[in-house]
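A.B. asks: Shown below is the structure under consideration.
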Amino acid sequence: FTVLAVESSADDTCAAVVTSSREILSNIVIKQHDLHEGFGGIHPMVAIEGHQRNMVSRMIPRISLFIEVLSNSVTSMQPTAVRRALEESRVAVEDIDGVAFTRGPGIGGCLSVGSNAAKTLAAALGKPLVGVHHMQAHALTSLLTSPTDEHPEFPFLTLLISGGHTLLVLATSLSSFRILANTVDESVGRTYDKVARMLRMPWGTKGPAASLEEFCRRDLRGVHVPEVQPFAVPMHGKLAFSFSGLHSAVERCISKSEVVLTEAHRIALGRAFQDGAARQLCAKLVQCHSMLLRKGIEVRHVVASGGVASNSFLRARLREALDKHSPEQKISLVFPPPELCTDNAVMVGWAAMYRFIAGDHDEYSVELRSRWSIETLPDIRSTKPR
Ligand code: ATP
Ligand code: FE
């Protein structure tokens, strides 16, 4: 079964082709960092316009457009990201078996660009359509990308850490998720982005948080590095995340400094921030695992995903924390490859796959859900394939 999927819930315009035999035939991600850097964060109207340009407009030279119009060819009438995804996959559009899109949660106007593209394509081709929950897609990516012997088995615990979410979720099936911990204030991804801006990180092609991670890896041998006190992990005892305190603590350190910060000082602050964020994520993960064990639920598999899970410093810290927590019985910990932790359409196509395979799909009129809890996903309805 071959799925064409689109994703446009935040600022990346994505399209991909993925198959039920776990082949990723194409993965197009068009980033908008250059559009939003001047605003210091995602500007919704600018993001919508960006999606419209990248998902819907045609990126073909005028001369070939002219020739195609003359020759009455309609092959280039697909949207840009979709067109590229199809071309790279080498799958002809009529050989696509189903179309998937991100139904929510996300920025309403952004979601509607992907939704309209997907619905139009599916209806025009007469193919089934599935609307996917964005965080379910992040959570299930590892089922596609991990080698079979490292496959996470249900029930698994999933740490979803991204721009809009910081969640610990118990996954008991492909569509049943229970939220065990949430953030009481901002998400870890948003905090990463804000701290990166405070430390004057360029957005580059990968965004401010990825620039900060790279910056913290700079070699400081032979350089005097100012000491930065470790930042505290908040709310001991409670199973909830909080990142606003860490954010303000870094802000205070920067504003307290009377001189312009040296590069070494910025690196030291960045490292202390990464360390504080990692300590909190590790502590809550371990606490959550113990809590489940006390309730008789033994979880042997942990999946981390979402943009922040692409951070290699954090990946190593999570591994260490689980090994220390459960030295006898190793808890498996898997991550999608970094480029599939941040937003992409591969994960959307894959999360839709089990419904397509069951012969289930949504109506072409299916509405968006810009606010949508991962706890309320639809059960698989067995319908006759179109
Ligand atoms: P959500 O998935 O919650 O709807 P989103 O889709 O906007 O939010 P993702 O694309 O899943 O977010 O993740 C983007 C976030 O990942 C950014 O906010 C950024 O802070 C974070 N991120 C990306 N790369 C890194 C990195 N190397 N280290 C830490 N954080 C990172
Ligand atoms: Fe995301």
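Residue numbering restarts at 1 in every chain; chains get A, B, ... in the order shown in the structure tokens, and ligands count up from 1 in that same order.
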Restrict the calculation to only C-alpha atoms and all ligand atoms, then for each residue of chain A with any atom at most 9 Å from an atom of ligand 2 give the closest atom pair and their distance in Å to one decimal, rows by chain and rising residue number, as a Markdown table.

C.D. replies:
```
| residue | atom | partner | partner_atom_place_in_ligand_line | distance |
| --- | --- | --- | --- | --- |
| A:Ser9 | CA | ligand 2 | 1 (Fe) | 7.6 |
| A:Ala10 | CA | ligand 2 | 1 (Fe) | 7.5 |
| A:Gly106 | CA | ligand 2 | 1 (Fe) | 8.7 |
| A:His134 | CA | ligand 2 | 1 (Fe) | 6.5 |
| A:Met135 | CA | ligand 2 | 1 (Fe) | 6.8 |
| A:Ala137 | CA | ligand 2 | 1 (Fe) | 8.6 |
| A:His138 | CA | ligand 2 | 1 (Fe) | 6.8 |
| A:Ile161 | CA | ligand 2 | 1 (Fe) | 8.6 |
| A:Ser162 | CA | ligand 2 | 1 (Fe) | 5.9 |
| A:Gly163 | CA | ligand 2 | 1 (Fe) | 6.6 |
| A:Gly164 | CA | ligand 2 | 1 (Fe) | 7.3 |
| A:His165 | CA | ligand 2 | 1 (Fe) | 8.3 |
| A:Ser305 | CA | ligand 2 | 1 (Fe) | 8.9 |
| A:Gly306 | CA | ligand 2 | 1 (Fe) | 5.6 |
| A:Gly307 | CA | ligand 2 | 1 (Fe) | 6.5 |
| A:Cys341 | CA | ligand 2 | 1 (Fe) | 7.8 |
| A:Thr342 | CA | ligand 2 | 1 (Fe) | 5.9 |
| A:Asp343 | CA | ligand 2 | 1 (Fe) | 4.7 |
| A:Asn344 | CA | ligand 2 | 1 (Fe) | 8.0 |
```

A.B. asks: Store the residues of this selection in a file with N, CA and C atoms, as a PDB file, in the first residue's frame.

C.D. replies:
```pdb
ATOM      1  N   SER A   9       1.514  21.486   9.843  1.00  0.00           N
ATOM      2  CA  SER A   9       0.867  21.955  11.082  1.00  0.00           C
ATOM      3  C   SER A   9       1.548  23.170  11.688  1.00  0.00           C
ATOM      4  N   ALA A  10       2.856  23.350  11.404  1.00  0.00           N
ATOM      5  CA  ALA A  10       3.561  24.506  11.965  1.00  0.00           C
ATOM      6  C   ALA A  10       4.253  25.249  10.812  1.00  0.00           C
ATOM      7  N   GLY A 106      -2.404  21.908  15.656  1.00  0.00           N
ATOM      8  CA  GLY A 106      -1.459  22.805  15.000  1.00  0.00           C
ATOM      9  C   GLY A 106      -2.113  24.153  14.753  1.00  0.00           C
ATOM     10  N   HIS A 134      -0.990  14.737  14.757  1.00  0.00           N
ATOM     11  CA  HIS A 134       0.439  15.034  14.601  1.00  0.00           C
ATOM     12  C   HIS A 134       1.317  14.353  15.672  1.00  0.00           C
ATOM     13  N   MET A 135       0.841  14.313  16.920  1.00  0.00           N
ATOM     14  CA  MET A 135       1.684  13.742  17.983  1.00  0.00           C
ATOM     15  C   MET A 135       1.662  12.204  17.941  1.00  0.00           C
ATOM     16  N   ALA A 137       1.660  10.689  15.169  1.00  0.00           N
ATOM     17  CA  ALA A 137       2.639  10.457  14.107  1.00  0.00           C
ATOM     18  C   ALA A 137       4.063  10.521  14.663  1.00  0.00           C
ATOM     19  N   HIS A 138       4.350  11.532  15.518  1.00  0.00           N
ATOM     20  CA  HIS A 138       5.688  11.586  16.144  1.00  0.00           C
ATOM     21  C   HIS A 138       5.934  10.296  16.946  1.00  0.00           C
ATOM     22  N   ILE A 161       8.726  15.362  22.810  1.00  0.00           N
ATOM     23  CA  ILE A 161       9.335  16.656  23.154  1.00  0.00           C
ATOM     24  C   ILE A 161       9.540  17.454  21.863  1.00  0.00           C
ATOM     25  N   SER A 162       8.757  18.525  21.749  1.00  0.00           N
ATOM     26  CA  SER A 162       8.771  19.252  20.477  1.00  0.00           C
ATOM     27  C   SER A 162       8.504  20.728  20.717  1.00  0.00           C
ATOM     28  N   GLY A 163       8.184  21.442  19.638  1.00  0.00           N
ATOM     29  CA  GLY A 163       7.950  22.883  19.753  1.00  0.00           C
ATOM     30  C   GLY A 163       6.687  23.216  20.529  1.00  0.00           C
ATOM     31  N   GLY A 164       5.664  22.350  20.419  1.00  0.00           N
ATOM     32  CA  GLY A 164       4.396  22.653  21.071  1.00  0.00           C
ATOM     33  C   GLY A 164       4.047  21.718  22.216  1.00  0.00           C
ATOM     34  N   HIS A 165       4.830  20.669  22.427  1.00  0.00           N
ATOM     35  CA  HIS A 165       4.457  19.667  23.433  1.00  0.00           C
ATOM     36  C   HIS A 165       5.640  19.202  24.270  1.00  0.00           C
ATOM     37  N   SER A 305      10.570  11.126  20.835  1.00  0.00           N
ATOM     38  CA  SER A 305      10.423  11.711  19.504  1.00  0.00           C
ATOM     39  C   SER A 305       9.978  13.168  19.607  1.00  0.00           C
ATOM     40  N   GLY A 306       9.855  13.823  18.447  1.00  0.00           N
ATOM     41  CA  GLY A 306       9.613  15.271  18.414  1.00  0.00           C
ATOM     42  C   GLY A 306      10.956  15.957  18.220  1.00  0.00           C
ATOM     43  N   GLY A 307      10.944  17.204  17.750  1.00  0.00           N
ATOM     44  CA  GLY A 307      12.167  17.907  17.370  1.00  0.00           C
ATOM     45  C   GLY A 307      13.294  17.870  18.396  1.00  0.00           C
ATOM     46  N   CYS A 341      12.751  13.159  13.544  1.00  0.00           N
ATOM     47  CA  CYS A 341      12.247  13.631  14.851  1.00  0.00           C
ATOM     48  C   CYS A 341      11.543  14.964  14.643  1.00  0.00           C
ATOM     49  N   THR A 342      12.145  15.846  13.841  1.00  0.00           N
ATOM     50  CA  THR A 342      11.484  17.119  13.524  1.00  0.00           C
ATOM     51  C   THR A 342      10.384  16.840  12.497  1.00  0.00           C
ATOM     52  N   ASP A 343       9.559  17.847  12.232  1.00  0.00           N
ATOM     53  CA  ASP A 343       8.370  17.604  11.409  1.00  0.00           C
ATOM     54  C   ASP A 343       8.706  17.077  10.007  1.00  0.00           C
ATOM     55  N   ASN A 344       7.888  16.140   9.571  1.00  0.00           N
ATOM     56  CA  ASN A 344       8.057  15.516   8.250  1.00  0.00           C
ATOM     57  C   ASN A 344       6.749  14.857   7.884  1.00  0.00           C
TER      58      ASN A 344
END
```

A.B. asks: Give the strand (DSSP E or B) residues of segment 26-55 of chain A, as assigned by DSSP on the backbone, as a PyMOL selection string.

C.D. replies: chain A and resi 26-30

A.B. asks: Looking at A:Leu143, A:Leu167, A:Cys253, A:Val303, which one is nearest to ligand 1, with distances taken over only C-alpha atoms and all ligand atoms?

C.D. replies: A:Leu167

A.B. asks: Using Å and a single decimal, report how far atom CA of Gly108 of chain A sits from atom CA of Ser89 of chain A.

C.D. replies: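 According to the coordinates, atom CA of Ser89 of chain A and atom CA of Gly108 of chain A are separated by 28.9 Å.
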
A.B. asks: Can you list, as an MDAnalysis selection string, all residues belonging to segment 146-376 of chain A that DSSP tags as alpha helix (DSSP H)?

C.D. replies: chainID A and resid 188:198 208:216 244:256 263:294 312:325 338:341 346:357

A.B. asks: What's the 10 Å shell around Ile107 of chain A, counting only C-alpha atoms, without same-chain residues fewer than 6 positions away, as a ChimeraX atom specification?

C.D. replies: /A:8-11,44-45,47-48,369-371

A.B. asks: Output C-alpha atoms for every residue in that selection, as a JSON list (two decimals), in the first residue's frame.

C.D. replies:
```json
[["chain", "number", "residue", "atom", "x", "y", "z"],
["A", 8, "SER", "CA", 1.85, 21.59, 7.40],
["A", 9, "SER", "CA", 0.87, 21.95, 11.08],
["A", 10, "ALA", "CA", 3.56, 24.51, 11.97],
["A", 11, "ASP", "CA", 6.24, 26.09, 9.80],
["A", 44, "PRO", "CA", 1.17, 32.46, 11.73],
["A", 45, "MET", "CA", 0.23, 34.58, 8.68],
["A", 47, "ALA", "CA", 3.70, 30.59, 7.84],
["A", 48, "ILE", "CA", 0.36, 30.19, 6.05],
["A", 369, "ARG", "CA", -8.84, 19.76, 14.78],
["A", 370, "SER", "CA", -6.35, 22.49, 15.62],
["A", 371, "ARG", "CA", -6.76, 21.54, 19.30]]
```

A.B. asks: List as a list of chain:residue names the protein and nucleic acid residues near Val184 of chain A, meaning an atom at most 12 Å away when only C-alpha atoms are counted, but skip any in the same chain fewer than 4 places from it.

C.D. replies: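 Close residues of Val184 of chain A: A:His165, A:Thr166, A:Leu167, A:Val188, A:Pro234, A:Met235, A:Lys238, A:Leu239, A:Ala240, A:Phe241, A:Ser242, A:Phe243, A:Ser244, A:Gly245.
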
A.B. asks: For N, CA and C atoms, I'd like the residues from the last selection saved as an mmCIF file, in the first residue's frame.

C.D. replies:
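Wrote it out as selection.cif, contents follow:
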```cif
data_model
loop_
_atom_site.group_PDB
_atom_site.id
_atom_site.type_symbol
_atom_site.label_atom_id
_atom_site.label_comp_id
_atom_site.auth_asym_id
_atom_site.auth_seq_id
_atom_site.Cartn_x
_atom_site.Cartn_y
_atom_site.Cartn_z
ATOM 1 N N HIS A 165 4.830 20.669 22.427
ATOM 2 C CA HIS A 165 4.457 19.667 23.433
ATOM 3 C C HIS A 165 5.640 19.202 24.270
ATOM 4 N N THR A 166 5.352 18.837 25.512
ATOM 5 C CA THR A 166 6.304 18.129 26.366
ATOM 6 C C THR A 166 5.453 17.133 27.133
ATOM 7 N N LEU A 167 5.435 15.895 26.661
ATOM 8 C CA LEU A 167 4.486 14.914 27.191
ATOM 9 C C LEU A 167 5.179 13.591 27.487
ATOM 10 N N VAL A 188 9.449 22.274 26.173
ATOM 11 C CA VAL A 188 10.920 22.264 26.180
ATOM 12 C C VAL A 188 11.466 22.814 24.851
ATOM 13 N N PRO A 234 12.817 21.743 38.696
ATOM 14 C CA PRO A 234 11.679 22.189 39.514
ATOM 15 C C PRO A 234 10.735 21.060 39.920
ATOM 16 N N MET A 235 9.908 21.364 40.888
ATOM 17 C CA MET A 235 8.778 20.528 41.310
ATOM 18 C C MET A 235 9.159 19.093 41.621
ATOM 19 N N LYS A 238 6.517 15.980 41.917
ATOM 20 C CA LYS A 238 5.354 16.026 41.004
ATOM 21 C C LYS A 238 5.734 15.499 39.625
ATOM 22 N N LEU A 239 4.800 14.796 39.014
ATOM 23 C CA LEU A 239 5.071 14.273 37.674
ATOM 24 C C LEU A 239 4.543 15.250 36.624
ATOM 25 N N ALA A 240 5.144 16.425 36.572
ATOM 26 C CA ALA A 240 4.760 17.407 35.548
ATOM 27 C C ALA A 240 6.019 18.167 35.187
ATOM 28 N N PHE A 241 6.078 18.601 33.933
ATOM 29 C CA PHE A 241 7.249 19.354 33.489
ATOM 30 C C PHE A 241 7.020 20.842 33.702
ATOM 31 N N SER A 242 8.110 21.586 33.835
ATOM 32 C CA SER A 242 8.007 23.044 33.865
ATOM 33 C C SER A 242 9.324 23.602 33.348
ATOM 34 N N PHE A 243 9.241 24.461 32.355
ATOM 35 C CA PHE A 243 10.477 24.992 31.774
ATOM 36 C C PHE A 243 10.602 26.500 31.878
ATOM 37 N N SER A 244 9.558 27.172 32.386
ATOM 38 C CA SER A 244 9.658 28.636 32.412
ATOM 39 C C SER A 244 10.704 29.088 33.434
ATOM 40 N N GLY A 245 10.871 28.303 34.530
ATOM 41 C CA GLY A 245 11.866 28.659 35.538
ATOM 42 C C GLY A 245 13.278 28.587 34.967
#
```

A.B. asks: Considering only C-alpha atoms and all ligand atoms, can you say which of A:Val18, A:Leu212, A:Ala181, A:Val286 comes closest to ligand 1?

C.D. replies: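 Of all the options, A:Leu212 lies closest to ligand 1.
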
A.B. asks: Quick one: everything within 7 Å of segment 197-209 of chain A, counting only C-alpha atoms, minus sequence neighbours fewer than 4 positions away in the same chain. Send it as an MDAnalysis selection string.

C.D. replies: chainID A and resid 33 37 192:193 213 266

A.B. asks: Of the residues A:Pro105, A:Gly131, A:Gly189, A:Gly50, which is the one nearest to ligand 1, using only C-alpha atoms and all ligand atoms?

C.D. replies: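 Among A:Pro105, A:Gly131, A:Gly189, A:Gly50, it is A:Gly189 that comes nearest to ligand 1.
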
A.B. asks: A:Arg84, A:His151, A:Arg217, A:Arg22: which is nearest ligand 1, counting only C-alpha atoms and all ligand atoms?

C.D. replies: A:Arg217

A.B. asks: Using only C-alpha atoms, determine which residues lie at most 12 Å from Ala117 of chain A, disregarding the query and same-chain residues fewer than 6 positions distant; provide the list as an MDAnalysis selection string.

C.D. replies: chainID A and resid 4:8 13:15 51:52 54:57 77:83 99:102 110:111 123:124 129 364

A.B. asks: From the set A:His361, A:Arg271, A:Arg53, A:Arg252, which residue has the shortest atom-to-atom contact distance to ligand 1, counting only C-alpha atoms and all ligand atoms?

C.D. replies: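 The answer is A:Arg271, which sits nearest to ligand 1.
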
A.B. asks: Tell me, as an MDAnalysis selection string, which residues lie within 12 Å of Leu180 of chain A, counting only C-alpha atoms; anything in the same chain fewer than 3 positions away does not count.

C.D. replies: chainID A and resid 157:160 166:171 177 183 238:241 284:285 287:289 291:292 374:375

A.B. asks: For each of A:Ala16, A:Ala309, A:Leu140, A:Ile96, take the minimum atom-to-atom distance to ligand 1, counting only C-alpha atoms and all ligand atoms, then give the residue where this is smallest.

C.D. replies: A:Ala309
